[in-house]
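Novice: Input file: entry13.tsv. Contents: TSV, C-alpha atoms.
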```tsv
chain	number	residue	atom	x	y	z
A	6	MET	CA	13.72	-1.62	14.55
A	7	THR	CA	14.66	-5.07	15.86
A	8	SER	CA	14.69	-8.01	13.47
A	9	THR	CA	11.62	-9.46	15.21
A	10	SER	CA	9.57	-6.26	15.05
A	11	ARG	CA	10.75	-5.66	11.49
A	12	SER	CA	9.55	-9.12	10.50
A	13	THR	CA	6.23	-8.60	12.26
A	14	ALA	CA	5.68	-5.29	10.50
A	15	HIS	CA	6.56	-6.82	7.14
A	16	SER	CA	4.12	-9.73	7.47
A	17	ALA	CA	1.28	-7.50	8.66
A	18	LEU	CA	1.81	-4.56	6.31
A	19	SER	CA	3.23	-6.08	3.12
A	20	PRO	CA	-0.29	-6.52	1.61
A	21	TYR	CA	-0.59	-2.73	1.94
A	22	GLY	CA	2.70	-2.00	0.16
A	23	TRP	CA	5.26	-2.10	3.00
A	24	ASP	CA	8.78	-2.91	1.81
A	25	GLU	CA	12.39	-2.72	2.97
A	26	ASP	CA	12.74	0.91	1.87
A	27	TRP	CA	9.77	1.92	4.02
A	28	ALA	CA	11.22	-0.10	6.90
A	29	ASP	CA	14.54	1.75	6.59
A	30	ALA	CA	12.76	5.12	6.51
A	31	PHE	CA	10.78	4.17	9.61
A	32	ALA	CA	13.78	2.92	11.63
A	33	PRO	CA	14.30	6.19	13.62
A	34	TYR	CA	10.67	6.12	14.75
A	35	ALA	CA	10.84	2.44	15.62
A	36	ALA	CA	13.68	3.32	17.99
A	37	GLU	CA	11.21	5.63	19.77
A	38	GLY	CA	8.76	2.76	20.19
A	39	LEU	CA	6.28	4.08	17.61
A	40	LEU	CA	4.19	1.81	15.38
A	41	PRO	CA	4.38	1.85	11.56
A	42	GLY	CA	1.11	1.96	9.68
A	43	ARG	CA	-0.63	3.03	6.51
A	44	VAL	CA	-3.56	5.44	6.50
A	45	VAL	CA	-6.62	3.77	4.99
A	46	ARG	CA	-9.14	6.54	5.68
A	47	VAL	CA	-9.16	10.16	6.90
A	48	ASP	CA	-12.08	12.20	8.19
A	49	ARG	CA	-12.49	15.19	10.51
A	50	GLY	CA	-8.96	15.32	11.86
A	51	GLN	CA	-8.76	11.62	12.58
A	52	CYS	CA	-7.70	8.62	10.55
A	53	ASP	CA	-7.85	4.84	10.45
A	54	VAL	CA	-4.38	3.31	10.29
A	55	VAL	CA	-3.58	-0.33	9.59
A	56	THR	CA	-0.67	-1.39	11.83
A	57	PRO	CA	0.92	-4.65	13.04
A	58	ASP	CA	-1.52	-4.33	16.00
A	59	GLY	CA	-4.54	-4.07	13.71
A	60	VAL	CA	-6.52	-1.07	12.51
A	61	LEU	CA	-6.21	1.84	14.93
A	62	ARG	CA	-8.06	5.13	15.18
A	63	ALA	CA	-5.63	8.03	15.57
A	64	ASP	CA	-5.71	11.81	15.85
A	65	THR	CA	-3.69	13.84	13.33
A	66	ALA	CA	-3.27	17.03	15.39
A	67	PHE	CA	0.50	16.59	15.75
A	68	VAL	CA	0.98	16.79	11.98
A	69	THR	CA	0.96	20.35	10.56
A	70	PRO	CA	-2.79	21.09	10.25
A	71	HIS	CA	-2.66	24.52	8.57
A	72	ASP	CA	-0.85	23.54	5.36
A	73	PRO	CA	-3.26	21.51	3.18
A	74	LEU	CA	-0.32	19.84	1.43
A	75	ARG	CA	1.16	18.59	4.69
A	76	VAL	CA	-1.90	17.09	6.33
A	77	VAL	CA	-2.15	13.34	6.72
A	78	CYS	CA	-3.94	11.78	3.76
A	79	THR	CA	-5.04	8.37	2.55
A	80	GLY	CA	-2.04	6.34	1.40
A	81	ASP	CA	0.45	7.93	3.80
A	82	TRP	CA	2.83	5.77	5.82
A	83	VAL	CA	2.83	7.10	9.37
A	84	ALA	CA	4.36	6.70	12.82
A	85	VAL	CA	1.63	6.11	15.42
A	86	GLU	CA	1.78	6.09	19.21
A	87	PRO	CA	1.46	2.49	20.47
A	88	ASP	CA	-1.06	3.47	23.15
A	89	GLY	CA	-2.90	6.43	24.57
A	90	ASN	CA	-6.41	7.82	24.61
A	91	PRO	CA	-6.51	9.33	22.12
A	92	ARG	CA	-3.66	7.94	20.05
A	93	TYR	CA	-1.76	10.36	17.85
A	94	VAL	CA	-0.04	10.21	14.48
A	95	ARG	CA	3.40	11.70	15.18
A	96	THR	CA	4.47	12.16	11.54
A	97	TYR	CA	4.25	10.69	8.07
A	98	LEU	CA	7.16	9.27	6.08
A	99	PRO	CA	8.42	11.21	3.04
A	100	ARG	CA	6.00	10.59	0.18
A	101	ARG	CA	7.13	8.86	-2.97
A	102	THR	CA	4.29	10.36	-4.99
A	103	ALA	CA	1.39	12.71	-4.23
A	104	PHE	CA	-1.75	13.50	-6.23
A	105	VAL	CA	-2.49	17.22	-5.72
A	106	ARG	CA	-5.11	19.55	-7.17
A	107	SER	CA	-5.89	23.19	-6.50
A	108	THR	CA	-8.84	23.96	-4.27
A	109	SER	CA	-11.75	26.12	-5.31
A	110	SER	CA	-10.86	28.71	-2.67
A	111	LYS	CA	-9.79	32.22	-3.68
A	112	ARG	CA	-6.44	31.54	-2.01
A	113	SER	CA	-5.84	28.79	-4.58
A	114	GLU	CA	-4.34	26.37	-2.09
A	115	GLY	CA	-3.29	22.89	-3.06
A	116	GLN	CA	-5.24	19.88	-1.81
A	117	ILE	CA	-3.60	16.47	-1.58
A	118	LEU	CA	-5.94	13.64	-2.56
A	119	ALA	CA	-3.76	10.55	-2.19
A	120	ALA	CA	-0.14	9.67	-1.42
A	121	ASN	CA	2.35	6.98	-2.40
A	122	VAL	CA	0.41	5.96	-5.50
A	123	ASP	CA	1.91	3.85	-8.31
A	124	HIS	CA	-1.00	3.98	-10.77
A	125	ALA	CA	-3.55	6.76	-11.30
A	126	ILE	CA	-6.68	5.26	-12.90
A	127	VAL	CA	-8.73	7.93	-14.68
A	128	ALA	CA	-12.26	6.56	-15.06
A	129	VAL	CA	-14.23	7.96	-18.02
A	130	SER	CA	-17.81	6.92	-18.69
A	131	LEU	CA	-18.88	5.86	-22.18
A	132	ALA	CA	-22.50	6.56	-21.21
A	133	VAL	CA	-21.96	10.19	-22.23
A	134	GLU	CA	-19.99	12.00	-24.94
A	135	LEU	CA	-16.24	11.92	-24.39
A	136	ASP	CA	-14.76	15.10	-22.95
A	137	LEU	CA	-11.17	14.80	-24.14
A	138	ALA	CA	-10.15	18.12	-22.58
A	139	ARG	CA	-11.18	16.83	-19.14
A	140	VAL	CA	-9.26	13.61	-19.72
A	141	GLU	CA	-6.17	15.68	-20.54
A	142	ARG	CA	-6.66	17.69	-17.35
A	143	PHE	CA	-6.80	14.56	-15.18
A	144	LEU	CA	-3.76	13.14	-16.94
A	145	ALA	CA	-1.73	16.31	-16.34
A	146	LEU	CA	-2.31	15.98	-12.59
A	147	ALA	CA	-1.63	12.25	-12.71
A	148	TRP	CA	1.71	12.68	-14.51
A	149	GLU	CA	2.70	15.49	-12.15
A	150	SER	CA	2.00	13.27	-9.12
A	151	GLY	CA	4.74	10.86	-10.13
A	152	ALA	CA	2.31	7.98	-10.68
A	153	GLN	CA	1.75	6.15	-13.97
A	154	PRO	CA	-1.58	7.24	-15.48
A	155	LEU	CA	-4.07	4.78	-16.94
A	156	VAL	CA	-7.36	5.68	-18.64
A	157	VAL	CA	-10.26	3.27	-18.14
A	158	LEU	CA	-13.32	3.74	-20.33
A	159	THR	CA	-16.13	2.38	-18.18
A	160	LYS	CA	-19.57	1.08	-19.19
A	161	ALA	CA	-18.20	-0.31	-22.47
A	162	ASP	CA	-21.29	-2.55	-22.69
A	163	LEU	CA	-23.24	0.60	-23.68
A	164	VAL	CA	-21.20	0.70	-26.93
A	165	PRO	CA	-21.98	-2.73	-28.45
A	166	ASP	CA	-20.49	-1.97	-31.87
A	167	PRO	CA	-16.80	-3.01	-31.71
A	168	VAL	CA	-15.80	-0.60	-34.49
A	169	THR	CA	-17.33	2.38	-32.67
A	170	LEU	CA	-15.70	1.28	-29.44
A	171	ALA	CA	-12.32	0.97	-31.15
A	172	HIS	CA	-12.66	4.51	-32.52
A	173	LEU	CA	-13.46	5.87	-29.05
A	174	VAL	CA	-10.41	4.15	-27.60
A	175	GLN	CA	-8.29	5.58	-30.41
A	176	ASP	CA	-9.62	9.09	-29.78
A	177	VAL	CA	-8.52	8.88	-26.14
A	178	GLU	CA	-5.16	7.34	-27.06
A	179	THR	CA	-4.50	10.34	-29.32
A	180	SER	CA	-5.08	12.61	-26.32
A	181	ALA	CA	-3.03	10.43	-23.96
A	182	PRO	CA	0.44	9.72	-25.40
A	183	GLY	CA	2.33	7.13	-23.40
A	184	VAL	CA	-0.80	6.09	-21.49
A	185	THR	CA	-2.59	2.73	-21.63
A	186	VAL	CA	-6.30	3.07	-22.50
A	187	LEU	CA	-8.62	0.19	-21.59
A	188	ALA	CA	-12.32	-0.25	-22.30
A	189	VAL	CA	-14.02	-2.24	-19.53
A	190	SER	CA	-17.49	-3.32	-18.52
A	191	ALA	CA	-17.97	-4.06	-14.84
A	192	ALA	CA	-21.50	-5.26	-15.63
A	193	LEU	CA	-20.22	-7.94	-18.02
A	194	GLY	CA	-16.83	-8.45	-16.41
A	195	GLU	CA	-15.01	-7.54	-19.62
A	196	GLY	CA	-11.50	-6.08	-19.47
A	197	LEU	CA	-11.27	-6.36	-15.68
A	198	ASP	CA	-8.63	-9.10	-15.74
A	199	VAL	CA	-6.35	-6.93	-17.87
A	200	LEU	CA	-6.91	-3.92	-15.59
A	201	ALA	CA	-6.23	-5.98	-12.45
A	202	ALA	CA	-3.00	-7.29	-13.99
A	203	VAL	CA	-1.81	-3.77	-14.85
A	204	VAL	CA	-2.40	-2.27	-11.39
A	205	GLY	CA	-1.82	-5.38	-9.27
A	206	GLY	CA	1.03	-5.39	-6.78
A	207	GLY	CA	1.10	-1.62	-6.28
A	208	THR	CA	-1.12	1.19	-5.07
A	209	ALA	CA	-3.73	2.51	-7.49
A	210	VAL	CA	-5.97	5.56	-7.01
A	211	LEU	CA	-9.31	5.71	-8.81
A	212	LEU	CA	-10.21	9.16	-10.14
A	213	GLY	CA	-13.01	10.63	-12.17
A	214	GLN	CA	-16.23	12.60	-12.19
A	215	SER	CA	-19.31	11.56	-10.31
A	216	GLY	CA	-21.20	9.04	-12.42
A	217	ALA	CA	-18.06	7.70	-14.12
A	218	GLY	CA	-18.67	4.28	-12.58
A	219	LYS	CA	-15.78	4.41	-10.12
A	220	SER	CA	-17.55	2.66	-7.25
A	221	THR	CA	-18.84	-0.10	-9.54
A	222	LEU	CA	-15.34	-0.52	-10.93
A	223	ALA	CA	-13.87	-0.55	-7.43
A	224	ASN	CA	-16.28	-3.29	-6.34
A	225	ALA	CA	-15.34	-5.35	-9.39
A	226	LEU	CA	-11.62	-5.02	-8.65
A	227	LEU	CA	-12.12	-5.77	-4.95
A	228	GLY	CA	-14.32	-8.80	-5.65
A	229	GLU	CA	-17.09	-7.65	-3.31
A	230	ASP	CA	-19.61	-4.85	-2.86
A	231	VAL	CA	-17.54	-2.59	-0.62
A	232	MET	CA	-18.53	0.74	-2.16
A	233	ASP	CA	-22.14	1.98	-2.34
A	234	VAL	CA	-23.46	2.43	-5.87
A	235	GLN	CA	-26.34	4.64	-7.02
A	236	THR	CA	-27.87	5.03	-10.44
A	237	THR	CA	-26.83	7.94	-12.64
A	238	ARG	CA	-29.10	10.44	-14.34
A	239	ASP	CA	-29.94	9.51	-17.91
A	240	VAL	CA	-29.70	13.14	-19.09
A	241	ASP	CA	-26.00	13.66	-18.36
A	242	GLY	CA	-24.68	10.43	-16.91
A	243	LYS	CA	-23.90	12.06	-13.56
A	244	GLY	CA	-24.59	10.46	-10.22
A	245	ARG	CA	-24.67	11.49	-6.60
A	246	HIS	CA	-21.47	11.40	-4.59
A	247	THR	CA	-21.87	7.99	-2.98
A	248	THR	CA	-18.17	7.91	-2.06
A	249	THR	CA	-17.57	10.69	0.47
A	250	THR	CA	-14.09	9.80	1.72
A	251	ARG	CA	-10.94	8.31	0.23
A	252	ASN	CA	-10.65	4.68	1.26
A	253	LEU	CA	-7.66	2.35	0.83
A	254	LEU	CA	-8.61	-1.29	0.33
A	255	VAL	CA	-6.65	-4.47	-0.47
A	256	MET	CA	-7.35	-6.13	-3.81
A	257	PRO	CA	-7.64	-9.94	-3.78
A	258	GLY	CA	-5.08	-10.37	-6.57
A	259	GLY	CA	-2.51	-8.17	-4.82
A	260	GLY	CA	-2.05	-4.45	-4.46
A	261	VAL	CA	-4.31	-1.83	-2.92
A	262	LEU	CA	-6.92	0.52	-4.33
A	263	ILE	CA	-7.80	4.04	-3.17
A	264	ASP	CA	-11.31	5.05	-4.20
A	265	THR	CA	-12.11	8.75	-4.23
A	266	PRO	CA	-15.27	10.88	-4.31
A	267	GLY	CA	-16.38	12.16	-7.69
A	268	LEU	CA	-14.42	15.30	-8.52
A	269	ARG	CA	-16.51	18.21	-9.80
A	270	GLY	CA	-13.51	20.50	-10.12
A	271	VAL	CA	-10.03	19.43	-11.12
A	272	GLY	CA	-7.80	22.47	-10.93
A	273	LEU	CA	-4.13	22.24	-11.79
A	274	TRP	CA	-1.57	22.78	-9.06
A	275	ASP	CA	1.98	23.51	-10.24
A	276	ALA	CA	1.59	20.84	-12.93
A	277	GLY	CA	3.72	22.27	-15.74
A	278	GLY	CA	5.66	19.04	-16.12
A	279	GLY	CA	2.46	17.00	-16.23
A	280	VAL	CA	0.97	19.24	-18.91
A	281	GLY	CA	4.15	18.82	-20.94
A	282	GLN	CA	3.86	15.03	-20.77
A	283	VAL	CA	0.19	15.04	-21.79
A	284	PHE	CA	1.05	17.16	-24.82
A	285	ALA	CA	4.40	15.58	-25.54
A	286	GLU	CA	3.97	15.86	-29.31
A	287	ILE	CA	3.44	19.64	-29.06
A	288	GLU	CA	6.52	20.11	-26.91
A	289	GLU	CA	8.50	17.97	-29.36
A	290	LEU	CA	7.32	20.09	-32.29
A	291	ALA	CA	8.10	23.29	-30.36
A	292	ARG	CA	11.79	22.41	-30.38
A	293	ASP	CA	11.82	23.20	-34.11
A	294	CYS	CA	10.15	26.60	-33.76
A	295	ARG	CA	12.26	29.55	-34.94
A	296	PHE	CA	11.96	31.29	-31.57
A	297	HIS	CA	12.70	29.46	-28.32
A	298	ASP	CA	9.87	31.36	-26.55
A	299	CYS	CA	7.34	30.83	-29.33
A	300	ALA	CA	3.75	31.04	-28.08
A	301	HIS	CA	2.43	29.10	-31.12
A	302	GLU	CA	-0.05	31.84	-31.96
A	303	SER	CA	1.14	33.89	-34.94
A	304	GLU	CA	4.93	33.80	-34.83
A	305	PRO	CA	6.80	33.15	-38.09
A	306	GLY	CA	8.57	29.82	-38.29
A	307	CYS	CA	6.28	28.14	-35.75
A	308	ALA	CA	6.58	24.36	-36.19
A	309	VAL	CA	3.43	23.74	-34.11
A	310	LEU	CA	1.22	25.91	-36.33
A	311	ALA	CA	2.80	24.30	-39.38
A	312	ALA	CA	1.81	20.88	-38.04
A	313	ILE	CA	-1.78	22.09	-37.69
A	314	ASP	CA	-1.78	23.42	-41.24
A	315	ASP	CA	-0.43	20.07	-42.47
A	316	GLY	CA	-3.10	18.13	-40.56
A	317	GLU	CA	-0.54	16.42	-38.34
A	318	LEU	CA	-1.80	18.06	-35.13
A	319	PRO	CA	-5.48	18.60	-34.24
A	320	GLU	CA	-6.20	22.24	-33.45
A	321	ARG	CA	-8.23	21.10	-30.44
A	322	ARG	CA	-5.05	19.71	-28.88
A	323	LEU	CA	-3.25	23.03	-29.17
A	324	GLU	CA	-6.22	24.93	-27.71
A	325	SER	CA	-6.34	22.52	-24.75
A	326	TYR	CA	-2.57	22.83	-24.26
A	327	ARG	CA	-2.76	26.63	-24.22
A	328	LYS	CA	-5.63	26.62	-21.74
A	329	LEU	CA	-3.92	24.29	-19.27
A	330	MET	CA	-0.58	26.09	-19.54
A	331	ARG	CA	-2.25	29.46	-18.88
A	332	GLU	CA	-4.16	28.06	-15.91
A	333	ASN	CA	-1.05	26.50	-14.47
A	334	GLN	CA	0.90	29.74	-14.87
A	335	ARG	CA	-1.80	31.64	-12.97
A	336	ILE	CA	-1.71	29.16	-10.09
A	337	VAL	CA	2.07	29.22	-9.82
A	338	ALA	CA	2.21	33.01	-10.16
A	339	LYS	CA	-0.05	33.50	-7.15
A	340	THR	CA	2.73	32.16	-4.94
A	341	ASP	CA	5.72	33.40	-6.97
A	342	ALA	CA	6.16	37.17	-7.22
A	343	ARG	CA	9.07	36.93	-9.66
A	344	LEU	CA	7.06	34.75	-12.00
A	345	ARG	CA	4.14	37.17	-11.82
A	346	ALA	CA	6.40	39.95	-13.04
A	347	GLU	CA	7.73	37.76	-15.86
A	348	ILE	CA	4.21	36.86	-16.97
A	349	ARG	CA	3.12	40.52	-17.03
A	350	LYS	CA	6.22	41.36	-19.08
A	351	GLU	CA	5.44	38.53	-21.51
A	352	TRP	CA	1.83	39.68	-21.89
A	353	LYS	CA	3.04	43.19	-22.75
A	354	ARG	CA	5.52	41.79	-25.27
A	355	ARG	CA	2.87	39.69	-26.99
A	356	GLY	CA	0.47	42.63	-26.96
A	357	ALA	CA	3.07	44.78	-28.71
A	358	ILE	CA	3.69	42.05	-31.30
A	359	GLY	CA	-0.04	41.75	-31.95
A	360	LYS	CA	-0.44	45.49	-32.25
A	361	ALA	CA	2.47	45.69	-34.70
A	362	ALA	CA	1.00	42.85	-36.76
A	363	MET	CA	-2.36	44.64	-36.96
A	364	GLU	CA	-0.68	47.87	-38.04
A	365	ALA	CA	1.27	46.03	-40.74
A	366	LYS	CA	-1.96	44.40	-41.95
A	367	ARG	CA	-3.71	47.78	-42.17
A	368	ARG	CA	-0.85	49.27	-44.16
A	369	HIS	CA	-0.93	46.31	-46.52
A	370	LEU	CA	-4.69	46.71	-47.09
A	371	ARG	CA	-4.19	50.38	-47.96
```
Once more with this new file: its structure as structure tokens, please.
Specialist:
Amino acid sequence: MTSTSRSTAHSALSPYGWDEDWADAFAPYAAEGLLPGRVVRVDRGQCDVVTPDGVLRADTAFVTPHDPLRVVCTGDWVAVEPDGNPRYVRTYLPRRTAFVRSTSSKRSEGQILAANVDHAIVAVSLAVELDLARVERFLALAWESGAQPLVVLTKADLVPDPVTLAHLVQDVETSAPGVTVLAVSAALGEGLDVLAAVVGGGTAVLLGQSGAGKSTLANALLGEDVMDVQTTRDVDGKGRHTTTTRNLLVMPGGGVLIDTPGLRGVGLWDAGGGVGQVFAEIEELARDCRFHDCAHESEPGCAVLAAIDDGELPERRLESYRKLMRENQRIVAKTDARLRAEIRKEWKRRGAIGKAAMEAKRRHLR
């Protein structure tokens, strides 16, 4: 890339996150005369790409279409043909981070939702009862993506009592070690300045269930009504999916925001590391268990169960940890034959231990 073209790309794309590292990664494609750009929207095999020549519509057929983890997605930096009808995306640059979930298909494929994200904002509505297990699930995927998670409790104006609100924030903080938790009200404009300061300057993706107030929050961060908003049902706080695609938009204070459709299902996809970070206190306790492969169920010398007995660890946290770890193992095992065999062996071992424990209990009762 010549110094002139490099400078042009920097001035046009820097609001979208372009930097010298991206320029270096793109250099081989610049030598081929291709244009750098960032994908701001994808739909039906085509995408909108912001480039030094403006926003272009491009076809993604050249990029591997059959692997759902290698398709072009919102947030990707790509190399685009400078002309042609249609234009084509030739490739995307190696991703720094990627937010991936499992699909609902029986093949349990991964689906990439957003790429090159610095902050993963998990929006949780205070209009309904907190579902801490779902928050933990979102956080596991966020940590695994490589982004920094952030939980935003929306519609804080519906909890006027500051003491109650503080308790709700504390409940989420207990389930989100190492994660900032903010209570905001887009309707009143409260907490938005703090949120904008935290995510400004980078790329943030907005995640959550339908009705969590994501579009309203996005409009507040963007300073204009870009996203359509519909009312939620009073009975369960859910709304219709007004956001149908993932859109990347520039925030006025710096940085970009990717809004996403409401996610009904949030399946884990090879997120063992993310689960470990969400439940960091359990993994820390597990280091003091007598057995290195302790399942924290009935084994003697289990430090995790001891912490529950002492009131240091909520039992709900352990149950959630077990559930997510089991789910993640199943997903990974479907593509790893060796791991499948290890899991079956472990199930047999635990079954034998349980059977022996029951026999010992019966003998004791006699």
Novice: Do you know which residues are at most 10 Å from Glu25 of chain A counting only C-alpha atoms, after dropping those on the same chain fewer than 4 positions away, and could you put them as a PyMOL selection string?
Specialist: chain A and resi 11+15+19+29-31
Novice: List as a ChimeraX atom specification the protein and nucleic acid residues near Glu304 of chain A, meaning an atom at most 9 Å away when only C-alpha atoms are counted, but skip any in the same chain fewer than 4 places from it.
Specialist: /A:294-296,299-300,310
Novice: Take atom CA of Gly218 of chain A and atom CA of Val127 of chain A and report the distance between them in Å, one decimal.
Specialist: 10.8 Å
Novice: List every protein, DNA or RNA residue that has at least one atom no more than 7 Å from (-5.8, 18.6, -5.8) in the file's coordinates, counting all atoms listed in the file, and write the result as a list in words.
Specialist: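 Looking at atoms near the point gives Phe104, Val105, Arg106, Ser107, Thr108, Gly115, Gln116, Ile117, Leu118, Val271, Gly272 and Trp274 of chain A.
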Novice: Counting only C-alpha atoms, which of A:Ala36, A:Leu144, A:Leu170, A:Ala217 gets nearest to Gly281 of chain A?
Specialist: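 Nearest candidate to Gly281 of chain A out of A:Ala36, A:Leu144, A:Leu170, A:Ala217: A:Leu144.
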Novice: Under the rule of at most 12 Å, produce a per-residue listing of segment 126-211 of chain A near segment 326-334 of chain A: chain, number, name, the closest pair of atoms, and the distance in Å, as a Markdown table, using only C-alpha atoms.
Specialist:
```
| residue | atom | partner | partner_atom | distance |
| --- | --- | --- | --- | --- |
| A:Leu137 | CA | A:Tyr326 | CA | 11.8 |
| A:Ala138 | CA | A:Tyr326 | CA | 9.1 |
| A:Arg139 | CA | A:Leu329 | CA | 10.4 |
| A:Val140 | CA | A:Leu329 | CA | 11.9 |
| A:Glu141 | CA | A:Tyr326 | CA | 8.8 |
| A:Arg142 | CA | A:Leu329 | CA | 7.4 |
| A:Phe143 | CA | A:Leu329 | CA | 10.9 |
| A:Leu144 | CA | A:Leu329 | CA | 11.4 |
| A:Ala145 | CA | A:Leu329 | CA | 8.8 |
| A:Leu146 | CA | A:Asn333 | CA | 10.8 |
| A:Glu149 | CA | A:Asn333 | CA | 11.9 |
| A:Ser180 | CA | A:Tyr326 | CA | 10.7 |
```
Novice: Just want the 10 Å neighbourhood of Leu227 of chain A, counted on all atoms listed in the file, with same-chain residues fewer than 5 positions away dropped. Output as a compact mmCIF listing (two decimals) with C-alpha atoms, in the coordinates of the input.
Specialist:
```
# COMPACT_ATOMS: atom_id res chain seq x y z
CA ALA A 201 -6.23 -5.98 -12.45
CA THR A 221 -18.84 -0.10 -9.54
CA LEU A 222 -15.34 -0.52 -10.93
CA MET A 232 -18.53 0.74 -2.16
CA LEU A 254 -8.61 -1.29 0.33
CA VAL A 255 -6.65 -4.47 -0.47
CA MET A 256 -7.35 -6.13 -3.81
CA PRO A 257 -7.64 -9.94 -3.78
CA GLY A 258 -5.08 -10.37 -6.57
CA GLY A 259 -2.51 -8.17 -4.82
CA VAL A 261 -4.31 -1.83 -2.92
CA LEU A 262 -6.92 0.52 -4.33
```
Novice: Name the residues within 8 Å of (3.5, 7.1, 11.0), counting all atoms listed in the file in the file's coordinates, and put them as a list of chain:residue names.
Specialist: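 Counting all atoms listed in the file, I find these residues within 8 Å of (3.5, 7.1, 11.0): A:Phe31, A:Leu39, A:Leu40, A:Pro41, A:Gly42, A:Arg43, A:Asp81, A:Trp82, A:Val83, A:Ala84, A:Val85, A:Val94, A:Arg95, A:Thr96, A:Tyr97, A:Leu98.
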Novice: Pick out the residues sitting within 12 Å of segment 163-168 of chain A, and hand them over as a short mmCIF file (atom, residue, chain, number, x, y, z; two decimals) with C-alpha atoms, in the coordinates of the input; count all atoms listed in the file, and ignore anything fewer than 6 positions along from it in its own chain.
Specialist:
```
data_model
loop_
_atom_site.label_atom_id
_atom_site.label_comp_id
_atom_site.auth_asym_id
_atom_site.auth_seq_id
_atom_site.Cartn_x
_atom_site.Cartn_y
_atom_site.Cartn_z
CA SER A 130 -17.81 6.92 -18.69
CA LEU A 131 -18.88 5.86 -22.18
CA ALA A 132 -22.50 6.56 -21.21
CA VAL A 133 -21.96 10.19 -22.23
CA GLU A 134 -19.99 12.00 -24.94
CA VAL A 174 -10.41 4.15 -27.60
CA GLN A 175 -8.29 5.58 -30.41
CA ALA A 188 -12.32 -0.25 -22.30
CA VAL A 189 -14.02 -2.24 -19.53
CA SER A 190 -17.49 -3.32 -18.52
CA ALA A 191 -17.97 -4.06 -14.84
CA ALA A 192 -21.50 -5.26 -15.63
CA LEU A 193 -20.22 -7.94 -18.02
#
```
Novice: Just give me the gap between atom CA of Thr179 of chain A and atom CA of Val204 of chain A in Å, one decimal is fine.
Specialist: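 Going from atom CA of Thr179 of chain A over to atom CA of Val204 of chain A, I get 22.0 Å.
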Novice: Distance atom CA of Ala225 of chain A-atom CA of Trp23 of chain A, one decimal place?
Specialist: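 A separation of 24.3 Å between them.
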Novice: Around all listed atoms of segment 282-299 of chain A, padded 6 Å per side, what centre and edge lengths does the axis-aligned box have in Å to one decimal, as JSON?
Specialist:
```
{"center_x": 6.4, "center_y": 23.2, "center_z": -27.9, "size_x": 24.5, "size_y": 28.3, "size_z": 26.2}
```
Novice: Counting all atoms listed in the file, figure out which residue out of A:Arg335, A:Arg321, A:Arg292, A:Lys160 gets nearest to Leu273 of chain A.
Specialist: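 Counting all atoms listed in the file, the residue closest to Leu273 of chain A is A:Arg335.
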Novice: Would you fill out segment 314-322 of chain A with N, CA, C and O atoms and return it as a PDB file, in the frame of the given file?
Specialist:
```
ATOM      1  N   ASP A 314      -1.479  23.166 -39.832  1.00  0.00           N
ATOM      2  CA  ASP A 314      -1.780  23.420 -41.240  1.00  0.00           C
ATOM      3  C   ASP A 314      -1.631  22.152 -42.087  1.00  0.00           C
ATOM      4  O   ASP A 314      -2.380  21.948 -43.051  1.00  0.00           O
ATOM      5  N   ASP A 315      -0.668  21.304 -41.714  1.00  0.00           N
ATOM      6  CA  ASP A 315      -0.430  20.070 -42.470  1.00  0.00           C
ATOM      7  C   ASP A 315      -1.356  18.932 -42.050  1.00  0.00           C
ATOM      8  O   ASP A 315      -1.304  17.841 -42.631  1.00  0.00           O
ATOM      9  N   GLY A 316      -2.186  19.173 -41.022  1.00  0.00           N
ATOM     10  CA  GLY A 316      -3.100  18.130 -40.560  1.00  0.00           C
ATOM     11  C   GLY A 316      -2.457  17.109 -39.651  1.00  0.00           C
ATOM     12  O   GLY A 316      -3.078  16.094 -39.318  1.00  0.00           O
ATOM     13  N   GLU A 317      -1.222  17.369 -39.211  1.00  0.00           N
ATOM     14  CA  GLU A 317      -0.540  16.420 -38.340  1.00  0.00           C
ATOM     15  C   GLU A 317      -0.952  16.576 -36.875  1.00  0.00           C
ATOM     16  O   GLU A 317      -0.848  15.622 -36.087  1.00  0.00           O
ATOM     17  N   LEU A 318      -1.420  17.771 -36.514  1.00  0.00           N
ATOM     18  CA  LEU A 318      -1.800  18.060 -35.130  1.00  0.00           C
ATOM     19  C   LEU A 318      -3.205  18.650 -35.102  1.00  0.00           C
ATOM     20  O   LEU A 318      -3.464  19.653 -35.762  1.00  0.00           O
ATOM     21  N   PRO A 319      -4.135  18.039 -34.343  1.00  0.00           N
ATOM     22  CA  PRO A 319      -5.480  18.600 -34.240  1.00  0.00           C
ATOM     23  C   PRO A 319      -5.445  19.959 -33.538  1.00  0.00           C
ATOM     24  O   PRO A 319      -4.765  20.122 -32.520  1.00  0.00           O
ATOM     25  N   GLU A 320      -6.179  20.919 -34.055  1.00  0.00           N
ATOM     26  CA  GLU A 320      -6.200  22.240 -33.450  1.00  0.00           C
ATOM     27  C   GLU A 320      -6.756  22.191 -32.032  1.00  0.00           C
ATOM     28  O   GLU A 320      -6.353  22.978 -31.169  1.00  0.00           O
ATOM     29  N   ARG A 321      -7.666  21.246 -31.788  1.00  0.00           N
ATOM     30  CA  ARG A 321      -8.230  21.100 -30.440  1.00  0.00           C
ATOM     31  C   ARG A 321      -7.143  20.819 -29.418  1.00  0.00           C
ATOM     32  O   ARG A 321      -7.187  21.313 -28.277  1.00  0.00           O
ATOM     33  N   ARG A 322      -6.142  20.034 -29.795  1.00  0.00           N
ATOM     34  CA  ARG A 322      -5.050  19.710 -28.880  1.00  0.00           C
ATOM     35  C   ARG A 322      -4.266  20.969 -28.491  1.00  0.00           C
ATOM     36  O   ARG A 322      -3.921  21.174 -27.331  1.00  0.00           O
TER      37      ARG A 322
END
```
